[in-house]
$ cat start_34.csv   # CSV, C-alpha atoms
chain,number,residue,atom,x,y,z
A,1,MET,CA,-32.7,-12.2,-18.9
A,2,SER,CA,-34.7,-9.7,-21.1
A,3,VAL,CA,-33.6,-8.8,-24.6
A,4,PHE,CA,-33.1,-5.1,-23.5
A,5,LYS,CA,-30.8,-6.1,-20.7
A,6,ILE,CA,-28.7,-8.3,-23.0
A,7,PHE,CA,-28.5,-5.4,-25.5
A,8,PHE,CA,-27.6,-2.9,-22.8
A,9,GLU,CA,-24.8,-5.2,-21.4
A,10,PHE,CA,-23.4,-5.7,-24.9
A,11,ILE,CA,-23.4,-1.9,-25.5
A,12,LEU,CA,-21.4,-1.4,-22.3
A,13,ILE,CA,-19.0,-4.1,-23.2
A,14,VAL,CA,-18.4,-2.5,-26.7
A,15,ILE,CA,-17.9,1.0,-25.2
A,16,GLY,CA,-15.7,-0.3,-22.5
A,17,CYS,CA,-13.5,-2.2,-25.0
A,18,ILE,CA,-13.2,0.8,-27.3
A,19,LEU,CA,-12.1,3.1,-24.4
A,20,ALA,CA,-9.6,0.5,-23.0
A,21,ALA,CA,-8.2,-0.3,-26.5
A,22,PHE,CA,-7.9,3.3,-27.4
A,23,GLY,CA,-6.0,4.1,-24.2
A,24,THR,CA,-3.7,1.0,-24.7
A,25,SER,CA,-3.0,1.5,-28.4
A,26,GLU,CA,-2.8,5.3,-28.7
A,27,PHE,CA,-1.1,6.1,-25.4
A,28,LEU,CA,0.7,3.2,-23.9
A,29,LEU,CA,1.9,1.0,-26.8
A,30,PRO,CA,3.7,3.8,-28.8
A,31,ASN,CA,5.6,4.8,-25.6
A,32,GLN,CA,6.5,1.3,-24.5
A,33,LEU,CA,4.4,1.6,-21.4
A,34,SER,CA,2.4,-1.2,-19.7
A,35,SER,CA,-0.8,-1.5,-17.8
A,36,GLY,CA,0.4,-4.9,-16.5
A,37,GLY,CA,-1.1,-8.3,-17.2
A,38,PHE,CA,-1.4,-9.8,-20.6
A,39,ALA,CA,-1.4,-6.4,-22.3
A,40,GLY,CA,2.0,-5.7,-20.8
A,41,ILE,CA,3.3,-9.1,-22.0
A,42,ALA,CA,1.9,-8.3,-25.5
A,43,THR,CA,3.7,-5.0,-25.5
A,44,ILE,CA,7.0,-6.7,-25.0
A,45,ILE,CA,6.2,-9.3,-27.7
A,46,TYR,CA,5.1,-6.4,-30.0
A,47,TYR,CA,8.5,-4.7,-29.8
A,48,LEU,CA,10.6,-7.9,-29.9
A,49,PHE,CA,8.8,-9.8,-32.6
A,50,HIS,CA,6.6,-7.2,-34.3
A,51,ILE,CA,3.5,-9.2,-33.7
A,52,GLN,CA,0.2,-7.2,-33.4
A,53,MET,CA,-0.6,-6.6,-29.8
A,54,GLY,CA,-4.3,-7.6,-30.1
A,55,THR,CA,-3.4,-10.9,-31.7
A,56,THR,CA,-1.0,-11.7,-28.9
A,57,ILE,CA,-3.6,-10.9,-26.3
A,58,LEU,CA,-6.0,-13.3,-27.9
A,59,ILE,CA,-3.5,-16.1,-28.1
A,60,LEU,CA,-2.4,-15.7,-24.5
A,61,ASN,CA,-6.1,-15.9,-23.4
A,62,ILE,CA,-6.8,-19.2,-25.1
A,63,PRO,CA,-5.7,-21.4,-22.2
A,64,PRO,CA,-7.5,-19.4,-19.5
A,65,PHE,CA,-10.7,-19.5,-21.7
A,66,ILE,CA,-10.6,-23.3,-21.9
A,67,ILE,CA,-10.0,-23.7,-18.1
A,68,GLY,CA,-12.5,-21.0,-17.3
A,69,TYR,CA,-15.2,-22.6,-19.4
A,70,PHE,CA,-15.2,-25.6,-17.0
A,71,LYS,CA,-14.5,-23.7,-13.8
A,72,LEU,CA,-16.3,-20.4,-14.0
A,73,GLY,CA,-19.4,-21.2,-16.0
A,74,ARG,CA,-20.5,-20.7,-19.6
A,75,LYS,CA,-22.2,-17.3,-19.2
A,76,PHE,CA,-19.3,-15.5,-17.7
A,77,ILE,CA,-16.8,-17.1,-20.1
A,78,PHE,CA,-19.0,-16.3,-23.1
A,79,LYS,CA,-19.2,-12.6,-22.2
A,80,THR,CA,-15.5,-12.6,-21.4
A,81,ILE,CA,-14.6,-14.1,-24.8
A,82,ILE,CA,-16.7,-11.4,-26.6
A,83,ALA,CA,-15.1,-8.6,-24.5
A,84,THR,CA,-11.5,-10.0,-25.0
A,85,PHE,CA,-12.1,-10.4,-28.8
A,86,LEU,CA,-13.4,-6.9,-29.1
A,87,TYR,CA,-10.7,-5.4,-27.0
A,88,SER,CA,-8.0,-7.1,-29.0
A,89,LYS,CA,-9.5,-6.2,-32.4
A,90,PHE,CA,-10.0,-2.6,-31.4
A,91,ILE,CA,-6.3,-2.4,-30.3
A,92,ASP,CA,-5.2,-3.6,-33.7
A,93,ILE,CA,-7.5,-1.1,-35.4
A,94,PHE,CA,-6.3,1.8,-33.4
A,95,GLU,CA,-2.7,0.8,-34.1
A,96,ASN,CA,-3.2,2.3,-37.6
A,97,PHE,CA,-4.1,5.7,-36.1
A,98,GLY,CA,-1.5,8.4,-35.5
A,99,VAL,CA,0.3,8.7,-32.2
A,100,PHE,CA,-1.3,11.3,-29.9
A,101,THR,CA,1.7,12.1,-27.8
A,102,THR,CA,5.2,10.9,-27.2
A,103,ASP,CA,5.2,12.4,-23.7
A,104,ARG,CA,5.3,9.4,-21.4
A,105,PHE,CA,3.8,11.2,-18.4
A,106,LEU,CA,0.8,12.4,-20.5
A,107,SER,CA,0.6,8.9,-22.0
A,108,CYS,CA,0.5,7.1,-18.6
A,109,LEU,CA,-2.0,9.6,-17.3
A,110,TYR,CA,-4.6,9.6,-20.1
A,111,GLY,CA,-3.9,5.9,-21.0
A,112,GLY,CA,-4.6,4.9,-17.4
A,113,ILE,CA,-7.8,7.0,-17.2
A,114,LEU,CA,-9.2,5.5,-20.5
A,115,ILE,CA,-8.2,2.0,-19.6
A,116,GLY,CA,-9.6,2.2,-16.1
A,117,ILE,CA,-13.0,3.6,-17.2
A,118,GLY,CA,-13.2,1.0,-20.1
A,119,LEU,CA,-12.4,-2.0,-17.8
A,120,ALA,CA,-14.8,-0.8,-15.2
A,121,LEU,CA,-17.7,-0.7,-17.7
A,122,VAL,CA,-16.9,-4.2,-18.8
A,123,LEU,CA,-16.6,-5.5,-15.2
A,124,LYS,CA,-19.9,-3.8,-14.3
A,125,VAL,CA,-21.8,-6.3,-16.5
A,126,ASN,CA,-20.0,-9.3,-14.9
A,127,SER,CA,-17.6,-9.7,-17.8
A,128,SER,CA,-13.8,-9.3,-18.2
A,129,THR,CA,-11.3,-8.6,-20.9
A,130,GLY,CA,-9.4,-11.8,-19.9
A,131,GLY,CA,-5.8,-11.5,-18.9
A,132,THR,CA,-4.8,-11.6,-15.2
A,133,ASP,CA,-8.3,-10.9,-14.1
A,134,LEU,CA,-9.5,-14.2,-15.6
A,135,VAL,CA,-6.4,-16.1,-14.4
A,136,ALA,CA,-7.0,-14.7,-10.9
A,137,TYR,CA,-10.7,-15.9,-11.0
A,138,ILE,CA,-9.5,-19.4,-12.0
A,139,ILE,CA,-6.8,-19.6,-9.3
A,140,GLN,CA,-9.2,-18.3,-6.6
A,141,ASP,CA,-11.7,-21.0,-7.8
A,142,PHE,CA,-9.0,-23.6,-7.1
A,143,ASN,CA,-8.0,-22.0,-3.7
A,144,SER,CA,-10.5,-19.5,-2.2
A,145,ASN,CA,-7.9,-18.4,0.4
A,146,ILE,CA,-5.8,-16.7,-2.2
A,147,LYS,CA,-6.8,-13.1,-2.7
A,148,MET,CA,-7.4,-11.9,-6.3
A,149,SER,CA,-5.7,-8.6,-5.6
A,150,ASN,CA,-2.5,-10.4,-4.5
A,151,ILE,CA,-2.4,-12.5,-7.7
A,152,ILE,CA,-3.0,-9.4,-10.0
A,153,MET,CA,-0.4,-7.4,-8.1
A,154,ILE,CA,2.3,-10.1,-8.3
A,155,VAL,CA,1.7,-10.5,-12.1
A,156,ASP,CA,1.7,-6.8,-12.7
A,157,ILE,CA,5.0,-6.4,-10.8
A,158,LEU,CA,6.6,-9.2,-12.9
A,159,VAL,CA,5.3,-7.7,-16.1
A,160,VAL,CA,6.7,-4.2,-15.3
A,161,LEU,CA,10.0,-5.8,-14.4
A,162,GLY,CA,9.9,-7.5,-17.7
A,163,ASN,CA,9.3,-4.2,-19.4
A,164,ILE,CA,12.3,-2.7,-17.6
A,165,ILE,CA,14.6,-5.6,-18.6
A,166,THR,CA,13.4,-5.7,-22.2
A,167,PHE,CA,13.7,-1.9,-22.9
A,168,ARG,CA,16.5,-1.3,-20.5
A,169,GLU,CA,15.0,1.8,-19.2
A,170,ILE,CA,14.0,2.3,-15.6
A,171,GLU,CA,11.6,5.2,-16.5
A,172,ILE,CA,9.4,2.8,-18.4
A,173,GLY,CA,8.8,0.8,-15.3
A,174,LEU,CA,8.2,3.9,-13.2
A,175,TYR,CA,5.6,5.3,-15.6
A,176,SER,CA,4.0,1.9,-16.0
A,177,ALA,CA,3.6,1.7,-12.3
A,178,ILE,CA,1.8,5.1,-12.4
A,179,THR,CA,-0.5,3.8,-15.1
A,180,ILE,CA,-1.4,0.7,-13.1
A,181,PHE,CA,-2.2,2.9,-10.1
A,182,ILE,CA,-4.4,5.2,-12.2
A,183,VAL,CA,-6.3,2.3,-13.7
A,184,GLY,CA,-7.0,1.0,-10.2
A,185,LYS,CA,-8.2,4.4,-9.0
A,186,MET,CA,-10.5,4.8,-12.0
A,187,LEU,CA,-12.0,1.4,-11.3
A,188,ASP,CA,-12.7,2.6,-7.8
A,189,ILE,CA,-14.3,5.8,-9.0
A,190,VAL,CA,-16.6,4.2,-11.5
A,191,PHE,CA,-17.7,1.5,-9.1
A,192,GLU,CA,-18.0,3.6,-6.0
A,193,GLY,CA,-18.6,7.1,-7.4
A,194,ILE,CA,-16.7,10.3,-7.0
A,195,ASN,CA,-18.8,11.7,-4.2
A,196,PHE,CA,-16.8,10.2,-1.4
A,197,CYS,CA,-18.0,11.2,2.1
A,198,LYS,CA,-16.4,11.1,5.5
A,199,LEU,CA,-17.7,9.2,8.5
A,200,ILE,CA,-16.9,10.8,11.8
A,201,TYR,CA,-17.1,9.1,15.2
A,202,ILE,CA,-16.7,11.3,18.3
A,203,VAL,CA,-16.3,10.0,21.8
A,204,SER,CA,-16.5,12.5,24.7
A,205,ASP,CA,-17.7,13.2,28.1
A,206,LYS,CA,-19.5,16.2,26.7
A,207,SER,CA,-21.3,14.4,23.8
A,208,GLU,CA,-24.6,16.2,24.4
A,209,GLU,CA,-22.9,19.6,24.0
A,210,ILE,CA,-20.9,18.5,20.9
A,211,LEU,CA,-24.1,17.0,19.4
A,212,GLU,CA,-25.9,20.3,19.9
A,213,ALA,CA,-23.0,22.3,18.3
A,214,ILE,CA,-23.0,20.0,15.3
A,215,ASN,CA,-26.8,20.4,14.8
A,216,LEU,CA,-26.8,24.2,15.3
A,217,ASP,CA,-23.3,25.5,14.2
A,218,ALA,CA,-22.5,23.0,11.5
A,219,ASN,CA,-26.1,22.5,10.4
A,220,LYS,CA,-25.6,18.8,10.2
A,221,GLY,CA,-27.5,15.9,11.5
A,222,ALA,CA,-25.9,13.2,13.6
A,223,THR,CA,-26.7,9.9,15.3
A,224,ALA,CA,-26.1,9.1,19.0
A,225,LEU,CA,-24.9,5.6,19.7
A,226,TYR,CA,-24.4,4.3,23.1
A,227,GLY,CA,-21.3,2.3,24.1
A,228,ARG,CA,-19.2,1.4,27.1
A,229,GLY,CA,-15.5,2.2,27.6
A,230,SER,CA,-13.5,-0.9,28.1
A,231,PHE,CA,-11.0,0.8,30.4
A,232,SER,CA,-13.2,3.3,32.3
A,233,LYS,CA,-16.2,0.9,32.4
A,234,LYS,CA,-18.4,4.0,31.9
A,235,ASN,CA,-21.4,4.2,29.6
A,236,LYS,CA,-20.8,6.9,26.9
A,237,MET,CA,-22.7,8.5,24.1
A,238,ILE,CA,-20.8,8.1,20.7
A,239,ILE,CA,-21.6,10.6,18.0
A,240,MET,CA,-21.7,9.3,14.4
A,241,CYS,CA,-21.9,11.9,11.7
A,242,VAL,CA,-21.5,11.7,7.9
A,243,THR,CA,-20.4,14.7,6.0
A,244,LYS,CA,-18.9,15.8,2.7
A,245,ARG,CA,-15.2,16.5,2.7
A,246,ARG,CA,-15.5,20.2,3.2
A,247,GLY,CA,-17.5,19.7,6.4
A,248,VAL,CA,-14.8,17.6,8.2
A,249,ASP,CA,-12.7,20.5,9.6
A,250,LYS,CA,-15.7,22.4,11.0
A,251,ILE,CA,-17.0,19.3,12.9
A,252,LYS,CA,-13.5,18.5,14.1
A,253,LEU,CA,-12.9,22.0,15.3
A,254,LEU,CA,-16.4,22.2,17.0
A,255,SER,CA,-15.6,18.9,18.8
A,256,LYS,CA,-12.3,20.2,20.1
A,257,LYS,CA,-13.7,23.5,21.1
A,258,VAL,CA,-16.4,21.9,23.3
A,259,ASP,CA,-14.1,19.2,24.6
A,260,PRO,CA,-10.3,19.4,23.9
A,261,ASN,CA,-10.0,15.8,25.1
A,262,SER,CA,-12.6,14.4,22.7
A,263,PHE,CA,-11.7,11.3,20.8
A,264,VAL,CA,-12.3,11.9,17.1
A,265,ILE,CA,-12.2,9.1,14.4
A,266,ILE,CA,-12.4,10.1,10.7
A,267,THR,CA,-12.7,7.5,8.0
A,268,ASP,CA,-14.0,7.2,4.4
A,269,ALA,CA,-17.6,6.5,3.6
A,270,ARG,CA,-17.6,5.2,0.0
A,271,GLU,CA,-21.3,5.5,-0.7
A,272,VAL,CA,-24.0,7.2,1.4
A,273,TYR,CA,-27.8,7.0,0.6
A,274,GLY,CA,-30.4,9.0,2.2
A,275,LEU,CA,-31.5,12.6,3.0
A,276,GLY,CA,-28.9,15.1,1.9
A,277,PHE,CA,-26.9,12.5,0.0
A,278,LYS,CA,-27.5,10.1,-2.9
A,279,LYS,CA,-30.9,8.7,-3.6
A,280,SER,CA,-31.2,5.0,-3.6

$ encode --input "start_34.csv" --output "structure tokens"
Amino acid sequence: MSVFKIFFEFILIVIGCILAAFGTSEFLLPNQLSSGGFAGIATIIYYLFHIQMGTTILILNIPPFIIGYFKLGRKFIFKTIIATFLYSKFIDIFENFGVFTTDRFLSCLYGGILIGIGLALVLKVNSSTGGTDLVAYIIQDFNSNIKMSNIIMIVDILVVLGNIITFREIEIGLYSAITIFIVGKMLDIVFEGINFCKLIYIVSDKSEEILEAINLDANKGATALYGRGSFSKKNKMIIMCVTKRRGVDKIKLLSKKVDPNSFVIITDAREVYGLGFKKS
């Protein structure tokens, strides 16, 4: 690995940790909210025993670090230790700053956005801020049949329930759930981009006419695939078309106008490369 790449990855880790720590310390912690995982456990300990949140996160991560060193490899664990240390220390530093807002809705919204972007930057360089992500990696290494998403979801649910029980306020759990949802969505956006497209499949006995209408009226390109109906046993042309969200309704209406009985399937296309879309 080149020196430039190492430096670039380190910069991303630092920026990601700053964003995640700022969102945690300035928005979630003052309002007793949780983003799940070890940070959520640390929030509970902070209010019960007045121990700094960053310090608690570091202590909780020690056992996973030791196990991960032997199970996941030195390189991954080394970067994860750096990221976790920076994340924890930045949280403790930002604790000394003034509280931005006491509005829990604004806190879960902006806190979730900042944490999601920060964690995504760290994950992009094959690192982690420890916590449930690291635990999930370790558990999956022991049993590959267990899904990481299920492990993280179960831990987050238990932590949110812990928040509700500790603070005896159902709203804290509800707002924390919104935070966790936003963090997940921000991870998707950073990794997959915001230019989501739609993939449309059209099956019809008038595929040629629909294809021509899409080309001329919608000014869109499309691809003709050939398939066979399992029930009718007939060979049919299947139209495949990728479009931005705003073009979906026009293509759907054109299809139904040419053939009211056309079979239209619309699904998400997370990333599209090529003419008219993203360059590779």

$ atom_distance --input "start_34.csv" --atom1 "CA of Gly112 (chain A)" --atom2 "CA of Ile180 (chain A)"
6.8 Å

$ residues_around --input "start_34.csv" --residues "Ile91 (chain A)" --least-positions-apart "6" --cutoff "9 Å" --atoms "all atoms listed in the file" --output "NGL selection string"
:A and (17-18 or 20-26 or 52-54)

$ closest_residue --input "start_34.csv" --among "A:Ala269, A:Ser128, A:Thr102, A:Ser35" --to "Phe78 (chain A)" --atoms "all atoms listed in the file"
A:Ser128

$ closest_residue --input "start_34.csv" --among "A:Asp217, A:Asp103, A:Glu9, A:Asp141" --to "Ile172 (chain A)" --atoms "all atoms listed in the file"
A:Asp103

$ residues_around --input "start_34.csv" --residues "region 186-189 of chain A" --least-positions-apart "2" --cutoff "12 Å" --atoms "all atoms listed in the file" --output "PyMOL selection string"
chain A and resi 16+20+109-124+179-184+191-196+270-271

$ closest_atom_pairs --input "start_34.csv" --of "region 128-202 of chain A" --to "region 40-44 of chain A" --cutoff "9 Å" --atoms "all atoms listed in the file" --output "JSON lines"
{"residue": "A:Asp156", "atom": "CA", "partner": "A:Gly40", "partner_atom": "CA", "distance": 8.2}
{"residue": "A:Val159", "atom": "CA", "partner": "A:Gly40", "partner_atom": "CA", "distance": 6.1}
{"residue": "A:Val160", "atom": "CA", "partner": "A:Gly40", "partner_atom": "CA", "distance": 7.4}
{"residue": "A:Gly162", "atom": "CA", "partner": "A:Ile44", "partner_atom": "CA", "distance": 7.9}
{"residue": "A:Asn163", "atom": "CA", "partner": "A:Ile44", "partner_atom": "CA", "distance": 6.5}
{"residue": "A:Thr166", "atom": "CA", "partner": "A:Ile44", "partner_atom": "CA", "distance": 7.1}
{"residue": "A:Phe167", "atom": "CA", "partner": "A:Ile44", "partner_atom": "CA", "distance": 8.5}

$ write_last_selection --input "start_34.csv" --atoms "C-alpha atoms" --output "tab-separated table (two decimals), in the frame of the given file"
chain	number	residue	atom	x	y	z
A	156	ASP	CA	1.70	-6.80	-12.70
A	159	VAL	CA	5.30	-7.70	-16.10
A	160	VAL	CA	6.70	-4.20	-15.30
A	162	GLY	CA	9.90	-7.50	-17.70
A	163	ASN	CA	9.30	-4.20	-19.40
A	166	THR	CA	13.40	-5.70	-22.20
A	167	PHE	CA	13.70	-1.90	-22.90

$ atom_distance --input "start_34.csv" --atom1 "CA of Arg74 (chain A)" --atom2 "CA of Leu60 (chain A)"
19.4 Å

$ closest_residue --input "start_34.csv" --among "A:Ser204, A:Asn61, A:Thr243, A:Thr129" --to "Leu225 (chain A)" --atoms "all atoms listed in the file"
A:Ser204

$ atom_distance --input "start_34.csv" --atom1 "CA of Ile152 (chain A)" --atom2 "CA of Thr132 (chain A)"
5.9 Å

$ closest_residue --input "start_34.csv" --among "A:Lys250, A:Ile170, A:Asn261, A:Ile146" --to "Lys206 (chain A)" --atoms "only C-alpha atoms"
A:Asn261

$ closest_residue --input "start_34.csv" --among "A:Ile77, A:Gly130, A:Pro30, A:Phe65" --to "Gly98 (chain A)" --atoms "all atoms listed in the file"
A:Pro30

$ residues_around --input "start_34.csv" --residues "Asp249 (chain A)" --least-positions-apart "2" --cutoff "12 Å" --atoms "all atoms listed in the file" --output "list in words"
Lys198, Ile200, Ile214, Ala218, Thr243, Lys244, Arg245, Arg246, Gly247, Ile251, Lys252, Leu253, Leu254, Ser255, Lys256, Lys257, Val264 and Ile266 of chain A

$ residues_near_point --input "start_34.csv" --point "(-20.6, 15.7, 26.7)" --cutoff "10 Å" --atoms "only C-alpha atoms" --output "list of chain:residue names"
A:Val203, A:Ser204, A:Asp205, A:Lys206, A:Ser207, A:Glu208, A:Glu209, A:Ile210, A:Leu211, A:Glu212, A:Lys236, A:Met237, A:Ile238, A:Ser255, A:Val258, A:Asp259, A:Ser262

$ closest_residue --input "start_34.csv" --among "A:Leu28, A:Ile165, A:Ile6, A:Leu134" --to "Val99 (chain A)" --atoms "all atoms listed in the file"
A:Leu28

$ build_atoms --input "start_34.csv" --residues "region 207-232 of chain A" --atoms "N, CA, C and O atoms" --output "CSV table (one decimal), in the coordinates of the input"
chain,number,residue,atom,x,y,z
A,207,SER,N,-20.6,14.8,25.1
A,207,SER,CA,-21.3,14.4,23.8
A,207,SER,C,-22.5,15.2,23.5
A,207,SER,O,-22.8,15.6,22.4
A,208,GLU,N,-23.3,15.5,24.6
A,208,GLU,CA,-24.6,16.2,24.4
A,208,GLU,C,-24.3,17.6,23.8
A,208,GLU,O,-24.9,18.1,22.9
A,209,GLU,N,-23.2,18.3,24.4
A,209,GLU,CA,-22.9,19.6,24.0
A,209,GLU,C,-22.3,19.6,22.6
A,209,GLU,O,-22.6,20.5,21.7
A,210,ILE,N,-21.5,18.6,22.3
A,210,ILE,CA,-20.9,18.5,20.9
A,210,ILE,C,-22.0,18.2,19.9
A,210,ILE,O,-22.1,18.8,18.8
A,211,LEU,N,-23.0,17.3,20.2
A,211,LEU,CA,-24.1,17.0,19.4
A,211,LEU,C,-24.9,18.3,19.1
A,211,LEU,O,-25.3,18.5,17.9
A,212,GLU,N,-25.1,19.1,20.1
A,212,GLU,CA,-25.9,20.3,19.9
A,212,GLU,C,-25.2,21.3,19.0
A,212,GLU,O,-25.8,21.9,18.1
A,213,ALA,N,-23.8,21.4,19.2
A,213,ALA,CA,-23.0,22.3,18.3
A,213,ALA,C,-23.0,21.8,16.9
A,213,ALA,O,-23.1,22.7,16.0
A,214,ILE,N,-23.0,20.5,16.7
A,214,ILE,CA,-23.0,20.0,15.3
A,214,ILE,C,-24.3,20.3,14.6
A,214,ILE,O,-24.4,20.8,13.5
A,215,ASN,N,-25.4,20.2,15.4
A,215,ASN,CA,-26.8,20.4,14.8
A,215,ASN,C,-27.0,21.9,14.5
A,215,ASN,O,-27.5,22.3,13.5
A,216,LEU,N,-26.5,22.8,15.4
A,216,LEU,CA,-26.8,24.2,15.3
A,216,LEU,C,-25.7,24.9,14.5
A,216,LEU,O,-26.0,25.6,13.5
A,217,ASP,N,-24.4,24.8,14.8
A,217,ASP,CA,-23.3,25.5,14.2
A,217,ASP,C,-22.9,25.0,12.8
A,217,ASP,O,-22.6,25.7,11.9
A,218,ALA,N,-22.9,23.6,12.7
A,218,ALA,CA,-22.5,23.0,11.5
A,218,ALA,C,-23.7,22.7,10.6
A,218,ALA,O,-23.5,22.3,9.4
A,219,ASN,N,-24.9,22.8,11.2
A,219,ASN,CA,-26.1,22.5,10.4
A,219,ASN,C,-26.1,21.1,9.9
A,219,ASN,O,-26.5,20.9,8.7
A,220,LYS,N,-25.6,20.2,10.7
A,220,LYS,CA,-25.6,18.8,10.2
A,220,LYS,C,-26.3,17.9,11.2
A,220,LYS,O,-26.4,18.2,12.4
A,221,GLY,N,-26.9,16.9,10.7
A,221,GLY,CA,-27.5,15.9,11.5
A,221,GLY,C,-26.5,14.9,12.0
A,221,GLY,O,-25.4,14.7,11.4
A,222,ALA,N,-26.8,14.2,13.0
A,222,ALA,CA,-25.9,13.2,13.6
A,222,ALA,C,-26.7,12.1,14.3
A,222,ALA,O,-27.9,12.4,14.6
A,223,THR,N,-26.1,11.0,14.6
A,223,THR,CA,-26.7,9.9,15.3
A,223,THR,C,-26.0,9.6,16.6
A,223,THR,O,-24.7,9.6,16.6
A,224,ALA,N,-26.7,9.4,17.7
A,224,ALA,CA,-26.1,9.1,19.0
A,224,ALA,C,-26.2,7.6,19.2
A,224,ALA,O,-27.2,7.0,19.1
A,225,LEU,N,-25.0,7.0,19.3
A,225,LEU,CA,-24.9,5.6,19.7
A,225,LEU,C,-24.4,5.5,21.1
A,225,LEU,O,-23.8,6.4,21.6
A,226,TYR,N,-24.8,4.4,21.7
A,226,TYR,CA,-24.4,4.3,23.1
A,226,TYR,C,-23.5,3.1,23.3
A,226,TYR,O,-23.7,2.0,22.8
A,227,GLY,N,-22.3,3.3,23.9
A,227,GLY,CA,-21.3,2.3,24.1
A,227,GLY,C,-20.8,2.3,25.5
A,227,GLY,O,-21.2,3.1,26.4
A,228,ARG,N,-19.8,1.5,25.8
A,228,ARG,CA,-19.2,1.4,27.1
A,228,ARG,C,-17.6,1.4,26.9
A,228,ARG,O,-17.1,0.6,26.2
A,229,GLY,N,-17.0,2.2,27.7
A,229,GLY,CA,-15.5,2.2,27.6
A,229,GLY,C,-14.9,1.0,28.2
A,229,GLY,O,-15.3,0.6,29.4
A,230,SER,N,-14.0,0.3,27.6
A,230,SER,CA,-13.5,-0.9,28.1
A,230,SER,C,-12.5,-0.7,29.2
A,230,SER,O,-12.3,-1.5,30.1
A,231,PHE,N,-11.9,0.5,29.3
A,231,PHE,CA,-11.0,0.8,30.4
A,231,PHE,C,-11.7,1.5,31.5
A,231,PHE,O,-11.5,1.1,32.7
A,232,SER,N,-12.5,2.5,31.2
A,232,SER,CA,-13.2,3.3,32.3
A,232,SER,C,-14.4,2.6,32.8
A,232,SER,O,-14.9,2.9,33.9
